[in-house]
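Some notes on the structure that comes next.
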Amino acid sequence: MLIDHRELSRHLAELRQVAAERVEQDRLPTGLEAGFRVREELSRLGLESYAVDLETDGYTVLPPGVAGTVDLWPRLRDLILAIDEEEQPDAPEPGHSRGRNLWHLLPRDQLFEQALMAPAPLALVAYLMGYRAKLSQFRGIVKEDTSVLPMEIHADQSRKVPAPWPSDAQYCTVTWVLSEYTRENGAVCVFPGTHKLCTDVPHEFEMAHDHPDLRVIEAEAGSVIIWHGGLWHGAMPRTAPGKRVTLVMPMIRYHLLPQEVFFASTTREMLERNSSRFAALMGLLGAWPWGADGPDTAYKRPSWLSTARENRFA
């Protein structure tokens with residue numbers, strides 16, 4: 001079946017115009033102004049110590065109530081479990097470390113938009129990658145006690161950003177912890193500070209889950225874990241009964257290509273009910289991509305973007 005490029009191009013052109021209007025009404029800061037805005041947000045939300053964690057360890061954990069309203073995470077968990085029960089996605093072979101993946105959940109329910117737009121995680125994403133960071137994936141993961149193998153140690157920037165990596169994050173991951181995170185439950189494990197090495201994981205460390213420097217992140221349900229895309233991390237094998245539920249939202253810098261095609265499932269209504277930051281996350285602030293008809297000549301570059309200077313916070 002051939003894709004109707006013209007229909008898709010028209011849809012994208014309409015979304016870009018709505019996004020430009022949202023940004024004119026609610027301008028996203030760039031350059032030095034963005035740096036000042038990030039610091040103001042971190043101070044107002046009480047997140048300075050979490051930003052320090054990102055700098056020193058390469059990850060941080062926002063406890064329930066800081067990450068988002070305390071009633072949000074149980075609803076997210078129940079929604080993901082309901083989708084998992086209804087659709088029964090193909091599980092990997094027994095013992096696989098990755099569990100069941102529920103892909104492209106964002107357009108399925110407005111509750112997922114609330115998780116994406118929670119102010120505290122987004123402030124830390126802006127600290128790492130600026131206000132034009134884009135969403136790269138949005139998926140749920142359900143692991144049961146059949147996931148008895150550990151997930152290999154890796155860095156999320158691998159095979160996405162050519163090495164050697166710049167010290168500023170090009171990729172970061174925001175994970176909603178929707179069930180208790182313990183070693184037995186298959187929690188994420190990290191080598192703190194390895195994001196500063198700016199290099200991929202050596203082969204001999206890929207299964208080093210018993211290494212003395214490895215740290216297992218144990219966190220309450222309702223927490224949000226954020227880590228730098230260069231951080232070496234994996235997951236412990238799940239040996240406890242029950243299900244481990246997470247919502248994973250990797251982000252990328254403006255110049256990189258998302259792993260999921262969000263503009264194809266974004267609607268005008270989604271843009272209009274969210275702030276301009278949502279339009280940026282959907283990758284709608286640039287004049288690309290395009291199909292057989294070439295670029296949209298009617299697209300008007302937002303005035304604020306014409307004078308934007310690229311730096312860490314752009």
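Chain labels follow the order of the structure tokens: the first chain is A, the next B, and so on; residue numbering restarts at 1 in every chain, and ligands are counted from 1 in their shown order.
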Go through range 87-170 of chain A residue by residue and, counting only C-alpha atoms, keep those with an atom at most 10 Å from range 276-285 of chain A; for each kept residue give the shortest atom pair and its distance in Å to one decimal, ordered by chain and increasing number, as a tab-separated table.
```
residue	atom	partner	partner_atom	distance
A:Glu113	CA	A:Phe278	CA	8.8
A:Leu116	CA	A:Phe278	CA	8.5
A:Met117	CA	A:Phe278	CA	7.3
A:Leu122	CA	A:Arg277	CA	9.1
A:Tyr131	CA	A:Arg277	CA	7.1
A:Arg132	CA	A:Ala280	CA	5.3
A:Ala133	CA	A:Leu281	CA	6.0
A:Lys134	CA	A:Leu281	CA	4.0
A:Leu135	CA	A:Leu281	CA	4.9
A:Ser136	CA	A:Leu281	CA	8.5
```
Take the residues that were just selected and, keeping N, CA and C atoms, output them as a PDB file, in the first residue's frame.
```pdb
ATOM      1  N   GLU A 113      -0.762  12.652  27.707  1.00  0.00           N
ATOM      2  CA  GLU A 113      -0.302  14.024  27.511  1.00  0.00           C
ATOM      3  C   GLU A 113       0.056  14.666  28.852  1.00  0.00           C
ATOM      4  N   LEU A 116       3.460  13.484  29.870  1.00  0.00           N
ATOM      5  CA  LEU A 116       4.494  14.135  29.064  1.00  0.00           C
ATOM      6  C   LEU A 116       4.731  15.573  29.501  1.00  0.00           C
ATOM      7  N   MET A 117       3.654  16.278  29.847  1.00  0.00           N
ATOM      8  CA  MET A 117       3.747  17.709  30.121  1.00  0.00           C
ATOM      9  C   MET A 117       3.918  18.038  31.601  1.00  0.00           C
ATOM     10  N   LEU A 122       9.889  18.064  32.736  1.00  0.00           N
ATOM     11  CA  LEU A 122      10.174  18.899  31.564  1.00  0.00           C
ATOM     12  C   LEU A 122      11.208  19.985  31.879  1.00  0.00           C
ATOM     13  N   TYR A 131      14.736  24.061  25.276  1.00  0.00           N
ATOM     14  CA  TYR A 131      13.279  24.102  25.151  1.00  0.00           C
ATOM     15  C   TYR A 131      12.775  23.570  23.817  1.00  0.00           C
ATOM     16  N   ARG A 132      13.671  23.285  22.894  1.00  0.00           N
ATOM     17  CA  ARG A 132      13.242  22.710  21.614  1.00  0.00           C
ATOM     18  C   ARG A 132      13.529  21.211  21.530  1.00  0.00           C
ATOM     19  N   ALA A 133      13.789  20.583  22.674  1.00  0.00           N
ATOM     20  CA  ALA A 133      13.960  19.128  22.687  1.00  0.00           C
ATOM     21  C   ALA A 133      12.700  18.466  22.139  1.00  0.00           C
ATOM     22  N   LYS A 134      12.892  17.343  21.462  1.00  0.00           N
ATOM     23  CA  LYS A 134      11.784  16.628  20.839  1.00  0.00           C
ATOM     24  C   LYS A 134      11.581  15.268  21.513  1.00  0.00           C
ATOM     25  N   LEU A 135      10.348  14.801  21.472  1.00  0.00           N
ATOM     26  CA  LEU A 135      10.037  13.470  21.963  1.00  0.00           C
ATOM     27  C   LEU A 135      10.474  12.447  20.924  1.00  0.00           C
ATOM     28  N   SER A 136      11.182  11.401  21.360  1.00  0.00           N
ATOM     29  CA  SER A 136      11.666  10.387  20.424  1.00  0.00           C
ATOM     30  C   SER A 136      10.854   9.097  20.484  1.00  0.00           C
TER      31      SER A 136
END
```
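Residues with any atom within 9 Å of range 70-86 of chain A, counting only C-alpha atoms and excluding same-chain neighbours fewer than 3 positions away, are A:Pro64, A:Gly65, A:Val66, A:Ala67, A:Pro89, A:Arg100, A:Asn101, A:Leu102, A:Leu105, A:Asp109, A:Leu111, A:Phe112, A:Gln114, A:Ala115, A:Gly140, A:Ile141, A:Val142, A:Trp176, A:Val177, A:Leu178, A:Ser179, A:Ala221, A:Gly222, A:Ser223, A:Val245, A:Thr246, A:Leu247.
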Secondary structure check, alpha helix (DSSP H) residues of range 52-254 of chain A, as a short mmCIF file (atom, residue, chain, number, x, y, z; two decimals) with C-alpha atoms, in the first residue's frame:
```cif
data_model
loop_
_atom_site.label_atom_id
_atom_site.label_comp_id
_atom_site.auth_asym_id
_atom_site.auth_seq_id
_atom_site.Cartn_x
_atom_site.Cartn_y
_atom_site.Cartn_z
CA VAL A 52 23.21 18.63 40.41
CA ASP A 53 22.52 14.87 40.40
CA LEU A 54 22.26 14.97 36.61
CA GLU A 55 25.60 16.73 36.36
CA THR A 56 27.49 14.50 38.81
CA LEU A 72 -1.52 10.71 38.19
CA TRP A 73 0.71 7.66 38.42
CA PRO A 74 -1.96 5.13 39.57
CA ARG A 75 -4.15 6.15 36.64
CA LEU A 76 -1.22 5.80 34.24
CA ARG A 77 -0.45 2.33 35.64
CA ASP A 78 -4.07 1.18 35.35
CA LEU A 79 -4.37 2.55 31.81
CA ILE A 80 -1.20 0.80 30.62
CA LEU A 81 -2.25 -2.48 32.24
CA ALA A 82 -5.69 -2.20 30.61
CA ILE A 83 -4.13 -1.64 27.18
CA ASP A 84 -1.73 -4.53 27.79
CA GLU A 85 -4.60 -6.83 28.81
CA GLU A 86 -6.76 -5.82 25.86
CA GLU A 87 -4.14 -6.01 23.14
CA GLN A 110 -5.15 12.53 27.16
CA LEU A 111 -3.73 11.09 30.38
CA PHE A 112 -0.52 10.36 28.51
CA GLU A 113 -0.30 14.02 27.51
CA GLN A 114 -0.43 14.91 31.23
CA ALA A 115 2.50 12.58 31.90
CA LEU A 116 4.49 14.14 29.06
CA PRO A 119 6.35 20.49 34.76
CA ALA A 120 9.17 19.05 36.90
CA PRO A 121 10.51 16.43 34.45
CA LEU A 122 10.17 18.90 31.56
CA ALA A 123 12.20 21.50 33.48
CA LEU A 124 15.03 18.99 33.85
CA VAL A 125 14.77 18.04 30.17
CA ALA A 126 15.15 21.74 29.33
CA TYR A 127 18.18 21.86 31.64
CA LEU A 128 19.77 19.00 29.71
CA MET A 129 18.70 19.79 26.15
#
```
Selected residue of minimal separation from Ala19 in chain A among A:Trp103, A:Phe191, A:Phe263, A:Phe138, counting only C-alpha atoms: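 Closest candidate: A:Phe263.
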Selected residue of minimal separation from Gly186 in chain A among A:Pro166, A:Glu260, A:Gly99, A:Glu206, counting only C-alpha atoms: A:Gly99
Which of range 47-212 of chain A DSSP labels strand (DSSP E or B), written as a VMD selection string: chain A and resid 59 to 62 100 to 102 134 to 135 139 to 144 151 to 154 171 to 177 181 188 to 190
